[in-house]
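Next comes protein_23.pdb, a file with PDB, C-alpha atoms.
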```pdb
MODEL        1
ATOM      1  CA  MET A   1      11.073 -87.498  20.948
ATOM      2  CA  TYR A   2       8.534 -88.242  18.251
ATOM      3  CA  GLY A   3       5.679 -85.877  19.072
ATOM      4  CA  PHE A   4       5.948 -85.848  22.859
ATOM      5  CA  GLU A   5       7.390 -82.317  22.933
ATOM      6  CA  ALA A   6       3.848 -80.908  22.947
ATOM      7  CA  LEU A   7       3.136 -82.519  26.310
ATOM      8  CA  THR A   8       5.619 -80.262  28.099
ATOM      9  CA  PHE A   9       5.415 -77.193  25.854
ATOM     10  CA  ASN A  10       4.988 -74.010  27.863
ATOM     11  CA  VAL A  11       4.326 -75.811  31.128
ATOM     12  CA  HIS A  12       5.806 -73.064  33.286
ATOM     13  CA  GLY A  13       4.585 -69.910  31.518
ATOM     14  CA  GLY A  14       1.425 -71.115  29.827
ATOM     15  CA  TYR A  15      -1.041 -69.668  32.323
ATOM     16  CA  LEU A  16       0.414 -66.169  32.125
ATOM     17  CA  GLU A  17       0.678 -66.375  28.332
ATOM     18  CA  ALA A  18      -3.011 -67.298  28.093
ATOM     19  CA  ILE A  19      -3.977 -64.281  30.205
ATOM     20  CA  VAL A  20      -1.906 -61.932  28.049
ATOM     21  CA  ARG A  21      -3.318 -63.380  24.823
ATOM     22  CA  GLY A  22      -6.809 -62.755  26.193
ATOM     23  CA  TYR A  23      -5.958 -59.083  26.735
ATOM     24  CA  ARG A  24      -4.725 -58.814  23.158
ATOM     25  CA  SER A  25      -8.286 -58.805  21.852
ATOM     26  CA  GLY A  26      -8.917 -55.543  23.709
ATOM     27  CA  LEU A  27      -6.107 -53.614  22.045
ATOM     28  CA  LEU A  28      -6.869 -50.957  19.487
ATOM     29  CA  THR A  29      -6.473 -51.945  15.864
ATOM     30  CA  ALA A  30      -4.423 -49.932  13.371
ATOM     31  CA  ALA A  31      -7.638 -48.483  11.926
ATOM     32  CA  ASP A  32      -8.801 -47.380  15.391
ATOM     33  CA  TYR A  33      -5.452 -45.742  16.049
ATOM     34  CA  ASN A  34      -5.522 -43.937  12.691
ATOM     35  CA  ASN A  35      -9.015 -42.641  13.461
ATOM     36  CA  LEU A  36      -7.830 -41.351  16.832
ATOM     37  CA  CYS A  37      -4.879 -39.580  15.202
ATOM     38  CA  GLN A  38      -7.295 -37.653  13.010
ATOM     39  CA  CYS A  39      -9.471 -36.443  15.915
ATOM     40  CA  GLU A  40      -9.404 -32.731  16.548
ATOM     41  CA  THR A  41     -11.374 -32.485  19.809
ATOM     42  CA  LEU A  42     -11.804 -34.559  22.926
ATOM     43  CA  ASP A  43     -15.416 -35.262  21.938
ATOM     44  CA  ASP A  44     -14.167 -36.826  18.701
ATOM     45  CA  VAL A  45     -11.830 -39.066  20.696
ATOM     46  CA  LYS A  46     -14.670 -40.113  23.011
ATOM     47  CA  MET A  47     -16.908 -40.832  20.040
ATOM     48  CA  HIS A  48     -14.323 -43.099  18.389
ATOM     49  CA  LEU A  49     -13.426 -44.874  21.628
ATOM     50  CA  SER A  50     -17.067 -45.478  22.518
ATOM     51  CA  ALA A  51     -17.281 -47.980  19.648
ATOM     52  CA  THR A  52     -14.343 -49.977  21.053
ATOM     53  CA  GLU A  53     -13.887 -51.975  24.225
ATOM     54  CA  TYR A  54     -12.987 -48.710  25.984
ATOM     55  CA  GLY A  55     -16.485 -47.265  25.574
ATOM     56  CA  PRO A  56     -17.837 -48.208  29.023
ATOM     57  CA  TYR A  57     -14.846 -46.542  30.673
ATOM     58  CA  LEU A  58     -15.851 -43.193  29.223
ATOM     59  CA  GLN A  59     -19.493 -43.244  30.321
ATOM     60  CA  ASN A  60     -19.204 -43.011  34.088
ATOM     61  CA  GLU A  61     -16.338 -41.606  36.164
ATOM     62  CA  CYS A  62     -17.248 -43.731  39.212
ATOM     63  CA  TYR A  63     -17.117 -46.805  36.985
ATOM     64  CA  LEU A  64     -13.781 -45.597  35.641
ATOM     65  CA  GLU A  65     -12.280 -45.315  39.126
ATOM     66  CA  ARG A  66     -13.561 -48.762  40.115
ATOM     67  CA  LYS A  67     -12.195 -50.378  36.959
ATOM     68  CA  LEU A  68      -8.866 -48.612  37.441
ATOM     69  CA  SER A  69      -8.505 -50.152  40.898
ATOM     70  CA  GLU A  70      -9.529 -53.580  39.528
ATOM     71  CA  ASN A  71      -6.979 -53.270  36.723
ATOM     72  CA  THR A  72      -4.308 -52.364  39.261
ATOM     73  CA  HIS A  73      -5.164 -55.513  41.202
ATOM     74  CA  GLU A  74      -5.048 -57.619  38.006
ATOM     75  CA  ASN A  75      -1.701 -56.117  36.993
ATOM     76  CA  ASN A  76      -0.239 -56.914  40.413
ATOM     77  CA  PHE A  77      -1.544 -60.474  40.076
ATOM     78  CA  GLU A  78       0.067 -60.848  36.639
ATOM     79  CA  ARG A  79       3.337 -59.362  37.896
ATOM     80  CA  ASN A  80       3.394 -61.896  40.735
ATOM     81  CA  GLN A  81       2.646 -64.726  38.284
ATOM     82  CA  ALA A  82       5.500 -63.575  36.040
ATOM     83  CA  LYS A  83       7.940 -63.608  38.969
ATOM     84  CA  THR A  84       7.209 -67.271  39.650
ATOM     85  CA  VAL A  85       7.984 -68.339  36.066
TER      86      VAL A  85
ENDMDL
END
```
Please, can you express the file's structure as structure tokens?
Amino acid sequence: MYGFEALTFNVHGGYLEAIVRGYRSGLLTAADYNNLCQCETLDDVKMHLSATEYGPYLQNECYLERKLSENTHENNFERNQAKTV
């Protein structure tokens, strides 16, 4: 087809794939995980996670509950999007 394959590439699952790729940036790196494995107390874990994207979750429990409900809503949305693919 001489280069026209790109026009229809990932037409059906592209939206969901873009969302998942966006979440990938928030995952812990191997170095972060190794640092967490070496923690001896919960305060050490909180200290290491505060430097990552998970830091705001640890600061306020009310914020944590609100974000948990938002994440549940987002996960349901993604699950529904995946069913339509």
For the file shown, what are the residues hit by the PyMOL selection byres ((chain A and resi 54) around 12), laid out as a PDB file with C-alpha atoms, keeping the file's coordinate frame?
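Saved file part_22.pdb follows:
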```pdb
ATOM      1  CA  SER A  25      -8.286 -58.805  21.852  1.00  0.00           C
ATOM      2  CA  GLY A  26      -8.917 -55.543  23.709  1.00  0.00           C
ATOM      3  CA  LEU A  27      -6.107 -53.614  22.045  1.00  0.00           C
ATOM      4  CA  LEU A  28      -6.869 -50.957  19.487  1.00  0.00           C
ATOM      5  CA  ASP A  32      -8.801 -47.380  15.391  1.00  0.00           C
ATOM      6  CA  VAL A  45     -11.830 -39.066  20.696  1.00  0.00           C
ATOM      7  CA  LYS A  46     -14.670 -40.113  23.011  1.00  0.00           C
ATOM      8  CA  MET A  47     -16.908 -40.832  20.040  1.00  0.00           C
ATOM      9  CA  HIS A  48     -14.323 -43.099  18.389  1.00  0.00           C
ATOM     10  CA  LEU A  49     -13.426 -44.874  21.628  1.00  0.00           C
ATOM     11  CA  SER A  50     -17.067 -45.478  22.518  1.00  0.00           C
ATOM     12  CA  ALA A  51     -17.281 -47.980  19.648  1.00  0.00           C
ATOM     13  CA  THR A  52     -14.343 -49.977  21.053  1.00  0.00           C
ATOM     14  CA  GLU A  53     -13.887 -51.975  24.225  1.00  0.00           C
ATOM     15  CA  GLY A  55     -16.485 -47.265  25.574  1.00  0.00           C
ATOM     16  CA  PRO A  56     -17.837 -48.208  29.023  1.00  0.00           C
ATOM     17  CA  TYR A  57     -14.846 -46.542  30.673  1.00  0.00           C
ATOM     18  CA  LEU A  58     -15.851 -43.193  29.223  1.00  0.00           C
ATOM     19  CA  GLN A  59     -19.493 -43.244  30.321  1.00  0.00           C
ATOM     20  CA  ASN A  60     -19.204 -43.011  34.088  1.00  0.00           C
ATOM     21  CA  TYR A  63     -17.117 -46.805  36.985  1.00  0.00           C
ATOM     22  CA  LEU A  64     -13.781 -45.597  35.641  1.00  0.00           C
ATOM     23  CA  LYS A  67     -12.195 -50.378  36.959  1.00  0.00           C
TER      24      LYS A  67
END
```
note - atom CA of A:Asn76 and atom CA of A:Val20 are separated by 13.4 Å
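Interatomic distance, atom CA of A:Asn34 against atom CA of A:Ile19: 26.9 Å.
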I'd like the interatomic distance between atom CA of A:Ala18 and atom CA of A:Glu5, to a tenth of an Å.
19.0 Å
Given 8 Å of margin on each side, can you work out the centre and size in Å (one decimal) of an axis-aligned box holding every listed atom of stretch 40-51 of chain A, as lines of an AutoDock Vina configuration file?
```
center_x = -13.3
center_y = -40.2
center_z = 19.8
size_x = 23.9
size_y = 31.5
size_z = 22.5
```
Hits of the PyMOL selection byres ((chain A and resi 78) around 12) in this structure, as a list in words
Gly13, Tyr15, Leu16, Glu17, Ala18, Ile19, Val20, Tyr23, Asn71, Thr72, His73, Glu74, Asn75, Asn76, Phe77, Arg79, Asn80, Gln81, Ala82, Lys83, Thr84 and Val85 of chain A
